[in-house]
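*Asks:* Structure file entry39.csv (CSV, C-alpha atoms) is given on the next line.
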```csv
chain,number,residue,atom,x,y,z
T,3,MET,CA,159.7,137.4,54.6
T,4,GLY,CA,157.6,134.9,56.5
T,5,VAL,CA,153.9,135.2,57.3
T,6,LEU,CA,154.5,136.5,60.8
T,7,GLY,CA,157.0,139.1,59.5
T,8,LEU,CA,154.4,140.3,57.0
T,9,LEU,CA,151.7,140.3,59.6
T,10,ILE,CA,153.6,142.7,61.8
T,11,VAL,CA,154.5,145.2,59.1
T,12,ALA,CA,151.7,147.4,60.4
T,13,ALA,CA,150.7,145.6,63.6
T,14,VAL,CA,151.3,148.2,66.3
T,15,ALA,CA,148.9,147.8,69.1
T,16,LEU,CA,145.8,145.8,70.1
T,17,ALA,CA,143.5,147.4,72.6
T,18,ALA,CA,140.0,147.0,71.0
T,19,THR,CA,136.8,147.6,73.0
T,20,SER,CA,133.6,146.0,71.9
T,21,ALA,CA,132.3,149.4,70.7
T,22,GLU,CA,135.4,149.9,68.5
T,23,GLN,CA,135.2,146.4,67.1
T,24,GLY,CA,131.8,147.1,65.8
T,25,ARG,CA,133.0,150.0,63.6
T,26,SER,CA,134.4,149.3,60.1
T,27,ASP,CA,135.7,152.8,59.3
T,28,PRO,CA,139.1,154.1,60.3
T,29,PRO,CA,139.1,156.3,63.4
T,30,ARG,CA,137.9,159.8,62.8
T,31,ALA,CA,139.8,162.9,63.9
T,32,HIS,CA,137.1,163.7,66.5
T,33,ASP,CA,137.7,160.3,68.1
T,34,VAL,CA,141.1,161.5,69.3
T,35,ALA,CA,142.0,165.1,69.3
T,36,LEU,CA,145.6,166.1,69.8
T,37,THR,CA,146.6,168.8,72.3
T,38,THR,CA,149.0,171.7,72.1
T,39,PRO,CA,152.7,171.3,73.1
T,40,SER,CA,151.7,172.4,76.7
T,41,GLY,CA,149.9,169.2,77.1
T,42,LEU,CA,152.6,166.8,76.0
T,43,VAL,CA,151.8,164.0,78.5
T,44,ARG,CA,148.1,164.1,77.5
T,45,ALA,CA,149.0,164.3,73.8
T,46,ASP,CA,151.2,161.2,74.1
T,47,ALA,CA,148.3,159.4,75.7
T,48,ARG,CA,146.1,160.6,72.9
T,49,ALA,CA,148.6,159.5,70.3
T,50,ARG,CA,148.6,156.0,71.9
T,51,ASP,CA,144.8,156.1,71.7
T,52,VAL,CA,144.9,157.0,67.9
T,53,LEU,CA,147.3,154.0,67.4
T,54,ARG,CA,145.2,151.6,69.4
T,55,ARG,CA,142.0,152.6,67.6
T,56,TRP,CA,143.7,152.4,64.2
T,57,ASP,CA,144.9,148.9,65.1
T,58,ALA,CA,141.5,147.8,66.4
T,59,HIS,CA,140.0,148.7,63.0
T,60,ARG,CA,142.8,146.7,61.3
T,61,GLN,CA,142.1,143.7,63.5
T,62,ARG,CA,138.4,144.0,62.6
T,63,ALA,CA,139.1,144.1,58.9
T,64,TRP,CA,141.3,141.0,59.2
T,65,ALA,CA,138.8,139.1,61.4
T,66,ASP,CA,136.0,140.0,58.8
T,67,GLY,CA,138.2,139.0,55.9
T,68,ASP,CA,137.5,142.5,54.4
T,69,PRO,CA,140.4,143.8,52.1
T,70,THR,CA,138.3,146.9,51.2
T,71,ALA,CA,138.0,147.9,54.9
T,72,LEU,CA,141.7,147.1,55.4
T,73,ILE,CA,143.0,149.3,52.5
T,74,ARG,CA,140.9,152.2,53.8
T,75,LEU,CA,143.2,152.3,56.8
T,76,TYR,CA,146.2,153.2,54.6
T,77,LEU,CA,147.1,156.2,52.4
T,78,PRO,CA,146.9,155.3,48.7
T,79,GLY,CA,150.2,153.9,47.5
T,80,SER,CA,151.3,152.9,51.0
T,81,THR,CA,153.6,149.9,50.7
T,82,ALA,CA,152.6,148.7,54.1
T,83,GLY,CA,148.9,148.8,53.0
T,84,GLU,CA,149.6,147.0,49.8
T,85,ARG,CA,151.5,144.2,51.6
T,86,ASP,CA,148.8,143.9,54.3
T,87,VAL,CA,146.0,143.6,51.8
T,88,ALA,CA,148.0,141.1,49.7
T,89,MET,CA,148.6,139.0,52.8
T,90,LEU,CA,144.9,139.0,53.7
T,91,ARG,CA,143.9,138.0,50.1
T,92,ALA,CA,146.5,135.2,50.1
T,93,TRP,CA,144.9,133.8,53.3
T,94,LEU,CA,141.4,134.1,51.8
T,95,ALA,CA,142.5,132.5,48.5
T,96,ALA,CA,143.9,129.6,50.4
T,97,ASP,CA,140.5,129.2,52.1
T,98,VAL,CA,142.2,129.3,55.5
T,99,ALA,CA,141.1,131.5,58.4
T,100,PRO,CA,143.4,134.5,58.6
T,101,PRO,CA,145.5,134.3,61.8
T,102,ARG,CA,144.7,136.6,64.6
T,103,TRP,CA,147.4,138.3,66.7
T,104,GLN,CA,147.9,140.1,69.9
T,105,THR,CA,150.3,142.9,70.3
T,106,GLN,CA,152.0,143.9,73.5
T,107,MET,CA,153.1,147.6,73.2
T,108,LEU,CA,156.2,148.1,75.2
T,109,ASP,CA,157.1,151.6,74.3
T,110,LEU,CA,155.7,154.5,72.3
T,111,ARG,CA,157.5,157.7,71.5
T,112,VAL,CA,156.0,160.6,69.6
T,113,ARG,CA,158.6,161.9,67.2
T,114,LYS,CA,156.5,164.4,65.4
T,115,ARG,CA,153.1,165.8,66.2
T,116,PHE,CA,151.0,168.0,64.0
T,117,HIS,CA,147.3,168.5,63.7
T,118,ASP,CA,147.2,166.1,60.8
T,119,ARG,CA,150.2,163.9,61.3
T,120,LEU,CA,151.8,161.7,63.9
T,121,VAL,CA,155.2,160.1,63.5
T,122,LEU,CA,155.7,157.5,66.2
T,123,ARG,CA,158.4,155.1,67.3
T,124,VAL,CA,156.7,152.0,68.6
T,125,THR,CA,158.4,149.0,70.3
T,126,ASP,CA,156.2,145.9,70.5
T,127,ARG,CA,156.0,142.1,70.4
T,128,VAL,CA,153.4,140.2,68.3
T,129,VAL,CA,151.9,136.7,68.9
T,130,ALA,CA,150.0,135.2,65.9
T,131,THR,CA,147.2,132.7,66.6
T,132,SER,CA,144.8,130.6,64.5
T,133,ASP,CA,141.8,128.9,66.0
T,134,GLY,CA,143.1,129.7,69.5
T,135,VAL,CA,146.5,128.1,68.9
T,136,ALA,CA,149.7,130.1,69.1
T,137,LEU,CA,151.4,129.9,65.7
T,138,ALA,CA,154.5,132.0,66.5
T,139,SER,CA,155.7,135.0,68.3
T,140,ASP,CA,158.2,137.5,67.1
T,141,ALA,CA,161.1,139.2,68.8
T,142,VAL,CA,160.6,142.6,70.3
T,143,SER,CA,160.8,145.0,67.3
T,144,THR,CA,160.7,148.8,66.9
T,145,ARG,CA,159.0,150.5,64.1
T,146,ARG,CA,158.6,154.1,62.8
T,147,LEU,CA,155.0,154.7,61.9
T,148,ASP,CA,153.7,157.7,60.0
T,149,LEU,CA,150.0,158.3,60.5
T,150,ARG,CA,148.2,161.0,58.5
T,151,LEU,CA,144.8,162.6,59.1
T,152,VAL,CA,142.9,162.6,55.8
T,153,ASP,CA,139.3,163.5,55.4
T,154,GLY,CA,138.8,163.1,59.2
T,155,ARG,CA,140.3,159.6,59.4
T,156,TRP,CA,143.7,158.5,60.6
T,157,ARG,CA,145.6,156.5,57.9
T,158,LEU,CA,149.0,154.8,57.9
T,159,ALA,CA,151.3,156.3,55.4
T,160,SER,CA,154.4,154.2,56.2
T,161,SER,CA,155.9,151.7,58.6
T,162,PHE,CA,159.6,151.1,58.8
T,163,GLU,CA,161.6,148.9,61.1
T,164,VAL,CA,164.1,150.8,63.2
T,165,ARG,CA,167.4,149.1,63.3
T,166,ARG,CA,170.0,149.6,66.1
T,167,SER,CA,173.4,150.8,65.1
T,168,THR,CA,176.0,148.1,65.3
T,169,ARG,CA,178.9,150.6,65.3
T,170,SER,CA,180.8,150.8,68.6
T,171,PRO,CA,181.6,154.3,70.0
T,172,ALA,CA,185.3,153.7,69.4
T,173,GLY,CA,184.6,152.9,65.7
T,174,ARG,CA,183.1,156.3,64.9
```
Let's see the structure in the file written out as structure tokens.
*Replies:*
Amino acid sequence: MGVLGLLIVAAVALAATSAEQGRSDPPRAHDVALTTPSGLVRADARARDVLRRWDAHRQRAWADGDPTALIRLYLPGSTAGERDVAMLRAWLAADVAPPRWQTQMLDLRVRKRFHDRLVLRVTDRVVATSDGVALASDAVSTRRLDLRLVDGRWRLASSFEVRRSTRSPAGR
């Protein structure tokens, strides 16, 4: 898998504010509280906010070259977290500034919503840059993200690419 492919394993959304960029801890539960099923539209907006805040913290960890802050955004044993940290360490070991990226979120669907868990289907496009120069952009992709609330902080448990079925209706 190429650098850009690895970069987008957990890249989901970028919408950082200057206040969020100054924080190094993962977003806390009180930053974004979920609503009951009667407030679905509002809850979807809040789920989007959880995701944006989580990604803002990830962006900050990459920008700071801080693997410790980065791994705190993932559940222990998360493959996505292990890959993300390994990529950051590889960039740091090569003494090259880690690339920055921008994510354009095209669609977000809440698949499961609990007090301490969000399962989202996110469609986005990522453009990686280094020193202000566009390195590459990926195609639109869709991922299934599983975020868990642990000790008051949202952490990514898993990230999987969602593939479209290639079977035709007649072939079923």
*Asks:* When distances are computed from all atoms listed in the file, which of T:Trp56, T:Phe116, T:Trp64, T:Tyr76 shows the smallest separation from Ala99 (chain T)?
*Replies:*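 Nearest to Ala99 (chain T): T:Trp64.
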*Asks:* Using all atoms listed in the file for the distances, tell me which of T:Asp148, T:Asp109, T:Asp140, T:Glu84 is nearest to Ala47 (chain T).
*Replies:* T:Asp109
*Asks:* Quick one: pull the distance between CA of Leu120 (chain T) and CA of Leu151 (chain T), Å, one decimal.
*Replies:*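 Here the two named atoms are 8.5 Å from each other.
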*Asks:* Return the single residue from T:Thr144, T:Ser132, T:Ser139, T:Ser80 that is closest to Ser160 (chain T), with distances computed using all atoms listed in the file.
*Replies:*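 Among the listed residues, T:Ser80 lies closest to Ser160 (chain T).
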*Asks:* So how many Å separate CA of Leu158 (chain T) and CA of Leu137 (chain T), to one decimal?
*Replies:* 26.2 Å
*Asks:* If you measure from CA of Thr125 (chain T) to CA of Arg145 (chain T), what distance in Å do you get, rounded to one decimal?
*Replies:* 6.4 Å
*Asks:* Find the residues around Arg127 (chain T) up to 6 Å (all atoms listed in the file counted), leave out those fewer than 2 positions away in its own chain, and share them as a list in words.
*Replies:*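 Selected residues are Thr105, Gln106 and Val142 of chain T.
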*Asks:* Hey, can you pull every residue with an atom no more than 10 Å from (145.3, 161.1, 56.9), using all atoms listed in the file, and send it as a VMD selection string?
*Replies:* chain T and resid 28 30 to 31 75 to 77 118 to 120 148 to 159
*Asks:* Name the closest residue to Asp68 (chain T) among the candidates T:Arg54, T:Arg48, T:Leu110, T:Met89; distances are taken between atoms, counting only C-alpha atoms.
*Replies:* T:Met89
